[in-house]
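K.L.:
Got a structure here, written out as C-alpha cells. Questions coming.
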Amino acid sequence: MSSCTVPGCPLPLESAHRRMCPRCAYRLRAYLRELVGQMPLLEASLQLDRSPTTGSIHGGRAHSPMPLRGDVLTLLGPGSNTTLNDPYGNARSDQTGPPTLDQILRGWAEVTAEHIRLAPTPWRRPGQTWAAWLGAYLPWILTAPWAGDFHQELGELVGRVRAITRTEPRTRKLDAPCPSCEAFGLVEEDWQEYIECPACGRLLTSDEYTAHAHRVMPTLWRTALLLAAHNAQENQAS
Ligand SMILES: [Zn+2]
Ligand SMILES: [Zn+2]
C-alpha cells in the first residue's frame, strides 16, 4: 500500500484514490477552519504595536503615522482594512511582493477547480472566505496529486499566522491510554476535531474517548490503588 504524500508522514493511505492519510486529512481540515477563525485576530493585529507608552507621556505623538505591522500587511495585502492608509500600497500594486494569504488560498482554489473540472474560475458566495471554500472541496482535494504540497504550505501559513496572533493551540494530555497501542499520552488540541495518539496515529472523537475512558479507567485506578497499598505494606514490613 502506498503511503501518505504529506512530507514526513509515514502512514498508509486509506484508499487508492486518496493522496493523504486520515490523520493528515483531519489536520488539513483543522488548518482551514483555524484560518477562518484567525482572520479577525490577524486584522486586529495590524496595529498591534500602537502602544500608548510610545512617544510622549501623553500617549503617542499626534502627527506620527499609524504604525502598521509589515508582517501582517504582507499576509493581508493592501485594502484589507479600508479605514487605514496603506503605506506600502503603491509599491505593492504591481503585484511583485510576496503573495497575500488571500492570493495563496485563491491559487489553491484555482488548481482545485482545475482538478475537478469545475468552471474555469472558482466562484465563492459573497462573504465566504477562500479557506471556507477550500474546506467545502476537501474531499476532492484529498484525491489531488498535489494534496501533500497543499498540506505543507497550509501548515506553514498557519504557523505564520499563529506567530503573529500569538495563538498557539493549547494541547491537553488525557489520562486514558490509547485503545489501539495502549500508550499513554493521547492528546486533545484546539481546532482539532479528533483526539490523537502520538504513538500510533489513532484518532478518536471526544465521545469515543469518553466511552473508552469509562471502560478502562476504573480498572486502571483499581490497579494503581492495589499497587499503592502493596508498596505501603512492604514499607511497613521493612
Ligand atoms: Zn499523513
Ligand atoms: Zn496509539
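Naming works like this for the C-alpha cells: A, B, ... for the chains as they're shown, residue 1 at the start of each chain, ligands 1 onward in shown order.
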Determine which residues of stretch 60-232 of chain A receive a DSSP assignment of alpha helix (DSSP H), computed from the backbone, and state them as a PyMOL selection string.
P.N.:
chain A and resi 70-76+89-92+101-115+130-136+138-141+147-165+206-232
K.L.:
Could you give me, as JSON, numbers by chain, every polymer residue with an atom at most 12 Å away from an atom of ligand 1, counting only C-alpha atoms and all ligand atoms?
P.N.:
{"A": [2, 3, 4, 5, 6, 7, 8, 9, 10, 11, 12, 13, 14, 18, 19, 20, 21, 22, 23, 24, 25, 26, 27, 28, 142, 147, 148, 149, 151, 152, 200, 201, 202]}
K.L.:
Show me, as CSV, the residues of chain A having an atom within 12 Å of ligand 2, each with the closest atom pair and its distance in Å, using only C-alpha atoms and all ligand atoms.
P.N.:
residue,atom,partner,partner_atom_place_in_ligand_line,distance
A:Ala176,CA,ligand 2,1 (Zn),11.0
A:Pro177,CA,ligand 2,1 (Zn),7.8
A:Cys178,CA,ligand 2,1 (Zn),4.6
A:Pro179,CA,ligand 2,1 (Zn),6.6
A:Ser180,CA,ligand 2,1 (Zn),5.0
A:Cys181,CA,ligand 2,1 (Zn),4.1
A:Glu182,CA,ligand 2,1 (Zn),6.0
A:Ala183,CA,ligand 2,1 (Zn),5.6
A:Phe184,CA,ligand 2,1 (Zn),8.0
A:Gly185,CA,ligand 2,1 (Zn),8.7
A:Leu186,CA,ligand 2,1 (Zn),7.6
A:Val187,CA,ligand 2,1 (Zn),10.5
A:Ile195,CA,ligand 2,1 (Zn),10.7
A:Glu196,CA,ligand 2,1 (Zn),8.0
A:Cys197,CA,ligand 2,1 (Zn),4.6
A:Pro198,CA,ligand 2,1 (Zn),6.7
A:Ala199,CA,ligand 2,1 (Zn),5.0
A:Cys200,CA,ligand 2,1 (Zn),4.0
A:Gly201,CA,ligand 2,1 (Zn),6.0
A:Arg202,CA,ligand 2,1 (Zn),5.4
A:Leu203,CA,ligand 2,1 (Zn),8.5
A:Leu204,CA,ligand 2,1 (Zn),10.2
K.L.:
Would you please extract all strand (DSSP E) residues from stretch 61-224 of chain A, as assigned by DSSP on the backbone, and give them as a list of chain:residue names?
P.N.:
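After running DSSP on the backbone, stretch 61-224 of chain A has strand (DSSP E) at A:Thr171, A:Arg172, A:Lys173, A:Val187, A:Glu188, A:Glu189, A:Ile195, A:Glu196, A:Leu203, A:Leu204.
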K.L.:
Given only C-alpha atoms as the basis, pick out the residue of A:His212, A:His17, A:Arg29, A:Arg170 nearest to A:Ala131.
P.N.:
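Of A:His212, A:His17, A:Arg29, A:Arg170, the one nearest A:Ala131, counting only C-alpha atoms, is A:Arg29.
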K.L.:
Excluding same-chain residues fewer than 6 positions from A:Ile164, what lies within 10 Å of it counting only C-alpha atoms, as a ChimeraX atom specification?
P.N.:
/A:41-42,45-46,48,69,71-72,158
K.L.:
Would you put the residues from that selection into a file with C-alpha atoms, as a short mmCIF file (atom, residue, chain, number, x, y, z; two decimals), in the first residue's frame?
P.N.:
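Final output, saved to out24.cif:
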data_model
loop_
_atom_site.label_atom_id
_atom_site.label_comp_id
_atom_site.auth_asym_id
_atom_site.auth_seq_id
_atom_site.Cartn_x
_atom_site.Cartn_y
_atom_site.Cartn_z
CA LEU A 41 -7.42 38.25 15.01
CA LEU A 42 -5.00 38.84 12.17
CA SER A 45 -3.05 42.58 14.89
CA LEU A 46 -2.39 45.05 12.07
CA LEU A 48 -0.89 45.82 17.50
CA ARG A 69 2.92 45.70 11.12
CA ASP A 71 4.40 41.02 8.55
CA VAL A 72 0.62 41.34 8.94
CA VAL A 158 -0.99 28.64 9.88
#
K.L.:
Find the residues near A:Pro99: any atom within 10 Å, counting only C-alpha atoms, skip ones fewer than 6 places away on the same chain, and give them as a list in words.
P.N.:
Thr74, Leu75, Leu76, Gly77, Leu105 and Gly107 of chain A
K.L.:
If you count only C-alpha atoms, which residues fall within 12 Å of A:Gly37, apart from same-chain ones fewer than 6 positions away, as a tab-separated table (two decimals) with C-alpha atoms, in the first residue's frame?
P.N.:
chain	number	residue	atom	x	y	z
A	30	ALA	CA	-8.49	21.89	11.13
A	31	TYR	CA	-5.97	24.23	9.43
A	43	GLU	CA	-6.81	42.01	11.13
A	129	THR	CA	-13.53	33.12	2.57
A	131	ALA	CA	-10.40	28.95	3.38
A	132	ALA	CA	-14.09	28.08	3.77
A	158	VAL	CA	-0.99	28.64	9.88
A	161	VAL	CA	-0.49	33.45	11.45
A	162	ARG	CA	-0.23	31.88	14.91
A	165	THR	CA	-1.70	36.47	16.68
A	167	THR	CA	-2.43	31.85	19.46
A	190	ASP	CA	-7.60	23.27	19.95
A	191	TRP	CA	-9.22	23.41	16.47
K.L.:
Applying 12 Å and only C-alpha atoms, which residues near A:Thr121 remain after dropping the ones on its own chain fewer than 2 positions away? List them as a list in words.
P.N.:
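Near neighbours after the sequence-gap exclusion: Arg106, Gly107, Trp108, Ala109, Glu110, Val111, Thr112, Ala113, Glu114, His115, Ile116, Arg117, Leu118, Ala119, Trp123 and Arg124 of chain A.
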K.L.:
Keeping only N, CA and C atoms, take the residues you just selected and write them out as a PDB file, in the first residue's frame.
P.N.:
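Below is the file that was written, part19.pdb:
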ATOM      1  N   ARG A 106      -6.551  31.542  -2.906  1.00  0.00           N
ATOM      2  CA  ARG A 106      -7.245  31.612  -4.191  1.00  0.00           C
ATOM      3  C   ARG A 106      -6.519  30.758  -5.224  1.00  0.00           C
ATOM      4  N   GLY A 107      -5.185  30.813  -5.176  1.00  0.00           N
ATOM      5  CA  GLY A 107      -4.383  29.997  -6.078  1.00  0.00           C
ATOM      6  C   GLY A 107      -4.692  28.504  -5.910  1.00  0.00           C
ATOM      7  N   TRP A 108      -4.813  28.066  -4.660  1.00  0.00           N
ATOM      8  CA  TRP A 108      -5.146  26.658  -4.407  1.00  0.00           C
ATOM      9  C   TRP A 108      -6.579  26.361  -4.836  1.00  0.00           C
ATOM     10  N   ALA A 109      -7.475  27.343  -4.688  1.00  0.00           N
ATOM     11  CA  ALA A 109      -8.862  27.148  -5.141  1.00  0.00           C
ATOM     12  C   ALA A 109      -8.878  26.973  -6.662  1.00  0.00           C
ATOM     13  N   GLU A 110      -8.003  27.700  -7.354  1.00  0.00           N
ATOM     14  CA  GLU A 110      -7.955  27.586  -8.821  1.00  0.00           C
ATOM     15  C   GLU A 110      -7.458  26.209  -9.257  1.00  0.00           C
ATOM     16  N   VAL A 111      -6.400  25.710  -8.602  1.00  0.00           N
ATOM     17  CA  VAL A 111      -5.935  24.376  -9.004  1.00  0.00           C
ATOM     18  C   VAL A 111      -6.950  23.299  -8.605  1.00  0.00           C
ATOM     19  N   THR A 112      -7.691  23.568  -7.516  1.00  0.00           N
ATOM     20  CA  THR A 112      -8.748  22.624  -7.125  1.00  0.00           C
ATOM     21  C   THR A 112      -9.832  22.587  -8.199  1.00  0.00           C
ATOM     22  N   ALA A 113     -10.232  23.781  -8.650  1.00  0.00           N
ATOM     23  CA  ALA A 113     -11.274  23.867  -9.687  1.00  0.00           C
ATOM     24  C   ALA A 113     -10.814  23.137 -10.944  1.00  0.00           C
ATOM     25  N   GLU A 114      -9.544  23.271 -11.258  1.00  0.00           N
ATOM     26  CA  GLU A 114      -8.987  22.613 -12.436  1.00  0.00           C
ATOM     27  C   GLU A 114      -8.986  21.091 -12.238  1.00  0.00           C
ATOM     28  N   HIS A 115      -8.610  20.678 -11.034  1.00  0.00           N
ATOM     29  CA  HIS A 115      -8.531  19.253 -10.708  1.00  0.00           C
ATOM     30  C   HIS A 115      -9.880  18.566 -10.862  1.00  0.00           C
ATOM     31  N   ILE A 116     -10.949  19.246 -10.448  1.00  0.00           N
ATOM     32  CA  ILE A 116     -12.263  18.597 -10.515  1.00  0.00           C
ATOM     33  C   ILE A 116     -13.068  19.098 -11.705  1.00  0.00           C
ATOM     34  N   ARG A 117     -12.401  19.816 -12.600  1.00  0.00           N
ATOM     35  CA  ARG A 117     -13.003  20.318 -13.839  1.00  0.00           C
ATOM     36  C   ARG A 117     -14.278  21.115 -13.586  1.00  0.00           C
ATOM     37  N   LEU A 118     -14.152  22.017 -12.588  1.00  0.00           N
ATOM     38  CA  LEU A 118     -15.235  22.979 -12.350  1.00  0.00           C
ATOM     39  C   LEU A 118     -15.143  24.046 -13.436  1.00  0.00           C
ATOM     40  N   ALA A 119     -16.013  25.012 -13.380  1.00  0.00           N
ATOM     41  CA  ALA A 119     -15.918  26.167 -14.275  1.00  0.00           C
ATOM     42  C   ALA A 119     -14.497  26.731 -14.224  1.00  0.00           C
ATOM     43  N   TRP A 123     -15.738  29.953  -7.899  1.00  0.00           N
ATOM     44  CA  TRP A 123     -16.680  31.002  -7.516  1.00  0.00           C
ATOM     45  C   TRP A 123     -17.011  30.834  -6.050  1.00  0.00           C
ATOM     46  N   ARG A 124     -17.035  31.934  -5.306  1.00  0.00           N
ATOM     47  CA  ARG A 124     -17.431  31.822  -3.903  1.00  0.00           C
ATOM     48  C   ARG A 124     -18.576  32.760  -3.593  1.00  0.00           C
TER      49      ARG A 124
END
